[in-house]
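Engineer: So that we are looking at the same thing, I have put the structure below in structure tokens.
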Protein chains: 2
Amino acid sequence: MSVTAALGFEAAGVAVGLKSSGNKDVAVVVNRGPLKVGAAVFTSNRAKANPIIWSQQAIQDGVVEAVVLNSGGANCFTGSFGFQTTHQTAEKAAELLGVSAGDVIVCSTGLIGTGDEVFRAKVLDGVAQGIARLSSDGGVAASEAIMTTDSKAKRSTVTRGGWTIGGMAKGAGMLAPGLATMLVVITTDAVLDAAGADAALRSATRVSFDRLDSDGCMSTNDQVTLLASGASGITPAADAFAEALAEVCLDLASQLQGDAEGASHDITIAVTNAASEDDAVEVGRSVARNNLFKAAIFGNDPNWGRVLAAIGTTDAAFDPYDVDVWMNGVRVCTAGGPDRPREDVDLTPRATHLVIDLKVGDAAATILTNDLTHDYVHENSAYSS
Amino acid sequence: MSVTAALGFEAAGVAVGLKSSGNKDVAVVVNRGPLKVGAAVFTSNRAKANPIIWSQQAIQDGVVEAVVLNSGGANCFTGSFGFQTTHQTAEKAAELLGVSAGDVIVCSTGLIGTGDEVFRAKVLDGVAQGIARLSSDGGVAASEAIMTTDSKAKRSTVTRGGWTIGGMAKGAGMLAPGLATMLVVITTDAVLDAAGADAALRSATRVSFDRLDSDGCMSTNDQVTLLASGASGITPAADAFAEALAEVCLDLASQLQGDAEGASHDITIAVTNAASEDDAVEVGRSVARNNLFKAAIFGNDPNWGRVLAAIGTTDAAFDPYDVDVWMNGVRVCTAGGPDRPREDVDLTPRATHLVIDLKVGDAAATILTNDLTHDYVHENSAYSS
């Protein structure tokens, strides 16, 4: 499963001491072909980590031979030394694999500002060890090596008529769109060209990772990479591939939501009858980023007033006094006033469903978020110490 | 002090059972003249409470005779019944004072969705009791009657050559610009006309309450009202009045910051050398709304990476790799890389000073915010229960 579920891929995960826990911290994923097609999307944060700057160049030609990923240090804001570390990482992998460094994608995750000589030496050691241990069942080890504050590894696989898509993801904090904060590698043995891979990836991430907004904080290191080996020999219809890829992305996004730092509720915000999809996304996101609403859900309090206060800050088309709000199946607010009593709403399950009916059009969008808890504050006030 | 520091004003604060604690919950402020000049600014939230909808009309002619304020219920999203409650509140005060209802401003604060028959009866009772107890030293009682989760009343007074400005404010959560979440009444015995009062109030709130962003959550009930009696007989220079008014507003904003729900740090974010004041405000606000940064400050962790990750999400002009960040006097990041060691930064004091030097221009702005703490989550997960 994971990135080695599809034919044509090998992977490894090794421990080289980047994590003080001694757990695996460097992953390598290699495409053995016959095709070496790659596509990637990156964080829209202007403060980009060195691996992002590198990989944005490397992906330009649509050819990717391998992806090297490390946890235990973001290599972001580490100066030109840090960029050279990323460059050397790609060169080392390229040399050992007999490919071009420009076809090696690099991803890092961990604390911003981490990337000194010790970090560099360990990452390069990890590249060598990882490549020495590559195997066609290394997907699980690779998915474990990219974990940071994740409590479990995230993997997903979908198989259609003769071809497979498999992926791994990490991410538990700094989860916000453009992308969610995370590293993701997805592999497929379907036959794709670079343009098709790019289009399918952008289409799938737009309605999955980009709709996950756990804590409103956008990372500097986000990257989703898709590799296609063509080893199945089958060329799927573009629609069928895009749909299957979206399924894998949504499954991984849902796993990220379910493992978000300190969360006690997974909140699905469905915005319906909006004038446009953009409006629906804006409304859903404003609620997903409202700390008062998120704290109320933590307290099992169906405080719909905080929902309306949040959406009132948007520019979306709607009349604040003609909105319905449903929580876990109970309409608590209709037409700008109270409806069913708060006591009717059971917010004790982890899965929380909020529906906001704007009543102005027929567009819709769903945003995934989490509640704001004591554990979130605890984990994020102690992360770097 | 407070709203009765200036000549020509009377006030009262009474308890009528809107708060379960039995504390004061209705305040009345009356302008005895000779001038009856008023100006007000309101929340920019599109989801506006009934008192906001009423008061936005009442302020149109620049004449205000009285302000009635209640805590213990926001009268927001309470339907047409709720609007009638606000209307009746103004009419009752007008009848007892012998003035026009259209010259009575109404403000409410508390839980959204609260505003039934019992609420209406208590507020109307409060109007009668408050007007019966009006006095020229009622400012303290009035400031106590508008408290919700505030731990202390907020009052401020400035006296210049023969004229005085005094104000009261409430607000401890939902503090975000446009305006901060709060009710404020400011009185002066200076001679002002309606246009001058309006201009001075907009100028002062723009650089005070609008720069306070405690938790990113914008209220439905925010209102700042300025009343001028002219009782001093002195007409100050417009600049002098605006400066004194800004001093009162900043003092009250600072008191709101210092009493923000659950906060353990008051964070001053100074953005310097920006290309424009708007850029500086956008950068400061992006940091003020970053939960990861705010949680780090709670943990006394000088995590400057989270500062850069936050400002990277803005459209402001700057190079992320040419920014300096100072925390409590220590430059922790310069030119996109680590500078002095984290250990040099002492974040144990409540007052926390962050400086972000964008190095692209000569504009600046300061945003006030708070950290994200266990107590914030606790208070806001239990507020309505």
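Note on naming: chains are A, B, ... as they come in the structure tokens, residues start from 1 per chain, ligands start from 1 in the order shown.
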Give as a PyMOL selection string every residue of chain A that touches chain B within 7 Å, counting only C-alpha atoms.
Structural biologist: chain A and resi 45-47+77-79+112-113+217-220+290+292+295-296+298-299+305+308-309+312-313+320+336-338+372-374+377+380-382
Engineer: Name the residues of region 61-209 of chain B that fall into helix (DSSP H, G or I) according to DSSP on the backbone, using the chain letters and numbers of this document, as a ChimeraX atom specification.
Structural biologist: /B:61,79-97,101-103,117-132,139-145,194-206,209
Engineer: Nearest residue to Ala66 (chain B) out of B:Asn31, B:Thr159, B:Asn273, B:Ser151, using only C-alpha atoms?
Structural biologist: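 Closest residue, counting only C-alpha atoms: B:Asn31.
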Engineer: What's around region 163-172 of chain B at 7 Å? Count only C-alpha atoms, leave out sequence neighbours fewer than 4 positions away in its own chain, and write the answer as a VMD selection string.
Structural biologist: chain B and resid 1 to 6 143 146 to 147 149 to 150 153 to 159 181 to 190 232 234 245 252 256 259 to 261
Engineer: Write down as JSON, numbers by chain the residues belonging to region 209-374 of chain A that are assigned strand (DSSP E or B) by DSSP computed on the backbone.
Structural biologist: {"A": [212, 223, 224, 225, 226, 227, 228, 266, 267, 268, 269, 270, 271, 272, 273, 274, 324, 325, 326, 327, 330, 331, 332, 333, 334, 337, 338, 351, 352, 353, 354, 355, 356, 357, 363, 364, 365, 366, 367, 368, 369, 370]}
Engineer: Just C-alpha atoms for this one: save the residues we selected as a PDB file, in the first residue's frame.
Structural biologist:
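Result went into out.pdb, see below:
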ATOM      1  CA  LEU A 212      -9.055  21.444   4.721  1.00  0.00           C
ATOM      2  CA  GLN A 223       3.885  20.154  -1.273  1.00  0.00           C
ATOM      3  CA  VAL A 224       1.818  17.486  -3.043  1.00  0.00           C
ATOM      4  CA  THR A 225       3.705  15.469  -5.638  1.00  0.00           C
ATOM      5  CA  LEU A 226       2.195  12.997  -8.114  1.00  0.00           C
ATOM      6  CA  LEU A 227       4.426  10.451  -9.872  1.00  0.00           C
ATOM      7  CA  ALA A 228       3.276   8.270 -12.759  1.00  0.00           C
ATOM      8  CA  ASP A 266     -13.824  16.723  13.077  1.00  0.00           C
ATOM      9  CA  ILE A 267     -16.118  19.434  11.742  1.00  0.00           C
ATOM     10  CA  THR A 268     -17.604  19.232   8.248  1.00  0.00           C
ATOM     11  CA  ILE A 269     -18.973  22.611   7.162  1.00  0.00           C
ATOM     12  CA  ALA A 270     -21.331  22.248   4.181  1.00  0.00           C
ATOM     13  CA  VAL A 271     -22.345  25.575   2.650  1.00  0.00           C
ATOM     14  CA  THR A 272     -25.349  25.160   0.340  1.00  0.00           C
ATOM     15  CA  ASN A 273     -27.397  27.326  -2.014  1.00  0.00           C
ATOM     16  CA  ALA A 274     -24.611  29.873  -2.417  1.00  0.00           C
ATOM     17  CA  ASP A 324     -30.585  28.618   8.078  1.00  0.00           C
ATOM     18  CA  VAL A 325     -28.022  26.809  10.229  1.00  0.00           C
ATOM     19  CA  TRP A 326     -28.148  23.089  10.986  1.00  0.00           C
ATOM     20  CA  MET A 327     -25.958  21.295  13.529  1.00  0.00           C
ATOM     21  CA  VAL A 330     -30.999  19.935  13.923  1.00  0.00           C
ATOM     22  CA  ARG A 331     -32.019  23.329  12.494  1.00  0.00           C
ATOM     23  CA  VAL A 332     -30.921  25.661  15.290  1.00  0.00           C
ATOM     24  CA  CYS A 333     -31.386  28.911  13.380  1.00  0.00           C
ATOM     25  CA  THR A 334     -33.809  29.872  10.639  1.00  0.00           C
ATOM     26  CA  GLY A 337     -33.634  33.791  14.499  1.00  0.00           C
ATOM     27  CA  PRO A 338     -33.578  30.852  16.902  1.00  0.00           C
ATOM     28  CA  ALA A 351     -17.912  13.826  13.732  1.00  0.00           C
ATOM     29  CA  THR A 352     -19.688  17.195  13.645  1.00  0.00           C
ATOM     30  CA  HIS A 353     -21.854  18.292  10.718  1.00  0.00           C
ATOM     31  CA  LEU A 354     -22.666  21.950  10.195  1.00  0.00           C
ATOM     32  CA  VAL A 355     -24.898  23.015   7.294  1.00  0.00           C
ATOM     33  CA  ILE A 356     -25.206  26.674   6.339  1.00  0.00           C
ATOM     34  CA  ASP A 357     -28.044  27.291   3.854  1.00  0.00           C
ATOM     35  CA  ALA A 363     -23.611  26.443  -5.621  1.00  0.00           C
ATOM     36  CA  ALA A 364     -22.064  24.552  -2.718  1.00  0.00           C
ATOM     37  CA  ALA A 365     -18.747  23.678  -1.095  1.00  0.00           C
ATOM     38  CA  THR A 366     -17.602  21.717   1.921  1.00  0.00           C
ATOM     39  CA  ILE A 367     -14.797  22.794   4.250  1.00  0.00           C
ATOM     40  CA  LEU A 368     -13.174  20.450   6.767  1.00  0.00           C
ATOM     41  CA  THR A 369     -11.917  21.810  10.068  1.00  0.00           C
ATOM     42  CA  ASN A 370     -11.419  20.971  13.736  1.00  0.00           C
TER      43      ASN A 370
END
Engineer: For Gly126 (chain A), work out the shell of residues within 7 Å, counting only C-alpha atoms and skipping chain neighbours fewer than 2 positions away, then give it as a ChimeraX atom specification.
Structural biologist: /A:14,16,26,122-124,128-130
Engineer: Please list as a PDB file with N, CA, C and O atoms, in the first residue's frame every residue within 6 Å of Ser108 (chain A), counting only C-alpha atoms and excluding residues in the same chain fewer than 2 positions away.
Structural biologist:
ATOM      1  N   LEU A  69      12.316  12.972   1.151  1.00  0.00           N
ATOM      2  CA  LEU A  69      11.580  13.738   2.166  1.00  0.00           C
ATOM      3  C   LEU A  69      12.225  13.533   3.524  1.00  0.00           C
ATOM      4  O   LEU A  69      12.650  12.420   3.853  1.00  0.00           O
ATOM      5  N   ASN A  70      12.307  14.599   4.306  1.00  0.00           N
ATOM      6  CA  ASN A  70      12.773  14.432   5.684  1.00  0.00           C
ATOM      7  C   ASN A  70      11.836  15.117   6.659  1.00  0.00           C
ATOM      8  O   ASN A  70      11.242  16.147   6.344  1.00  0.00           O
ATOM      9  N   SER A  71      11.688  14.520   7.818  1.00  0.00           N
ATOM     10  CA  SER A  71      11.060  15.204   8.945  1.00  0.00           C
ATOM     11  C   SER A  71      12.174  15.638   9.890  1.00  0.00           C
ATOM     12  O   SER A  71      13.347  15.398   9.617  1.00  0.00           O
ATOM     13  N   ALA A  74      12.585  21.841   8.993  1.00  0.00           N
ATOM     14  CA  ALA A  74      11.887  22.358   7.809  1.00  0.00           C
ATOM     15  C   ALA A  74      12.846  22.930   6.767  1.00  0.00           C
ATOM     16  O   ALA A  74      12.452  23.170   5.635  1.00  0.00           O
TER      17      ALA A  74
END
Engineer: Between A:Ala238, A:Pro51, A:Glu282, A:Gly233, which residue has the minimum interatomic distance to Asp213 (chain A), considering only C-alpha atoms?
Structural biologist: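 Distance minimum relative to Asp213 (chain A) lands on A:Glu282.
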Engineer: Identify which of the residues B:Ala94, B:Val99, B:Ala275, B:Ile105 lies closest to Ile53 (chain B), counting only C-alpha atoms when measuring atom-to-atom distances.
Structural biologist: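 For Ile53 (chain B), the nearest of the given residues is B:Ile105.
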Engineer: Might you pull out every residue within 8 Å of Arg202 (chain A), with only C-alpha atoms counted and same-chain residues fewer than 4 positions away left off, and present them as a ChimeraX atom specification?
Structural biologist: /A:41,198,206
Engineer: Write the selection just made, keeping all heavy atoms, as a PDB file, in the first residue's frame?
Structural biologist:
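The resulting file, result.pdb, is shown below:
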ATOM      1  N   VAL A  41       2.006  20.441  -6.752  1.00  0.00           N
ATOM      2  CA  VAL A  41       1.468  21.741  -6.333  1.00  0.00           C
ATOM      3  C   VAL A  41       2.140  22.107  -5.018  1.00  0.00           C
ATOM      4  O   VAL A  41       2.535  21.241  -4.237  1.00  0.00           O
ATOM      5  CB  VAL A  41      -0.061  21.720  -6.197  1.00  0.00           C
ATOM      6  CG1 VAL A  41      -0.731  21.530  -7.552  1.00  0.00           C
ATOM      7  CG2 VAL A  41      -0.517  20.639  -5.238  1.00  0.00           C
ATOM      8  N   ASP A 198      -0.611  16.998 -14.373  1.00  0.00           N
ATOM      9  CA  ASP A 198      -0.728  18.309 -13.737  1.00  0.00           C
ATOM     10  C   ASP A 198      -2.193  18.720 -13.603  1.00  0.00           C
ATOM     11  O   ASP A 198      -2.626  19.176 -12.552  1.00  0.00           O
ATOM     12  CB  ASP A 198       0.050  19.336 -14.557  1.00  0.00           C
ATOM     13  CG  ASP A 198       0.083  20.691 -13.892  1.00  0.00           C
ATOM     14  OD1 ASP A 198       0.773  20.808 -12.860  1.00  0.00           O
ATOM     15  OD2 ASP A 198      -0.603  21.616 -14.369  1.00  0.00           O
ATOM     16  N   ARG A 206      -7.768  20.898  -5.435  1.00  0.00           N
ATOM     17  CA  ARG A 206      -8.664  22.047  -5.257  1.00  0.00           C
ATOM     18  C   ARG A 206      -9.871  21.690  -4.393  1.00  0.00           C
ATOM     19  O   ARG A 206     -10.359  22.527  -3.618  1.00  0.00           O
ATOM     20  CB  ARG A 206      -9.138  22.552  -6.618  1.00  0.00           C
ATOM     21  CG  ARG A 206      -9.809  23.899  -6.607  1.00  0.00           C
ATOM     22  CD  ARG A 206     -10.245  24.336  -7.997  1.00  0.00           C
ATOM     23  NE  ARG A 206     -11.374  23.571  -8.492  1.00  0.00           N
ATOM     24  CZ  ARG A 206     -12.650  23.821  -8.200  1.00  0.00           C
ATOM     25  NH1 ARG A 206     -12.959  24.839  -7.424  1.00  0.00           N
ATOM     26  NH2 ARG A 206     -13.616  23.072  -8.672  1.00  0.00           N
TER      27      ARG A 206
END
Engineer: Neighbours of region 193-196 of chain A within 7 Å (only C-alpha atoms; same-chain residues fewer than 5 positions away dropped), as a list in words?
Structural biologist: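 Surrounding residues, per the criterion: Val37, Gly38, Ala39 and Gly62 of chain A.
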Engineer: Please write the residues from the selection above to a file, keeping N, CA, C and O atoms, as a PDB file, in the first residue's frame.
Structural biologist:
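Dumped everything to part_13.pdb:
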ATOM      1  N   VAL A  37       6.858  10.477 -15.293  1.00  0.00           N
ATOM      2  CA  VAL A  37       6.033  11.686 -15.288  1.00  0.00           C
ATOM      3  C   VAL A  37       5.822  12.197 -13.866  1.00  0.00           C
ATOM      4  O   VAL A  37       5.568  11.414 -12.939  1.00  0.00           O
ATOM      5  N   GLY A  38       5.911  13.499 -13.668  1.00  0.00           N
ATOM      6  CA  GLY A  38       5.667  14.096 -12.356  1.00  0.00           C
ATOM      7  C   GLY A  38       4.880  15.385 -12.460  1.00  0.00           C
ATOM      8  O   GLY A  38       4.946  16.091 -13.468  1.00  0.00           O
ATOM      9  N   ALA A  39       4.115  15.679 -11.415  1.00  0.00           N
ATOM     10  CA  ALA A  39       3.408  16.959 -11.293  1.00  0.00           C
ATOM     11  C   ALA A  39       3.405  17.300  -9.819  1.00  0.00           C
ATOM     12  O   ALA A  39       3.506  16.411  -8.964  1.00  0.00           O
ATOM     13  N   GLY A  62       8.269  18.433 -15.959  1.00  0.00           N
ATOM     14  CA  GLY A  62       7.308  17.335 -15.858  1.00  0.00           C
ATOM     15  C   GLY A  62       7.940  15.963 -15.720  1.00  0.00           C
ATOM     16  O   GLY A  62       7.272  14.948 -15.858  1.00  0.00           O
TER      17      GLY A  62
END
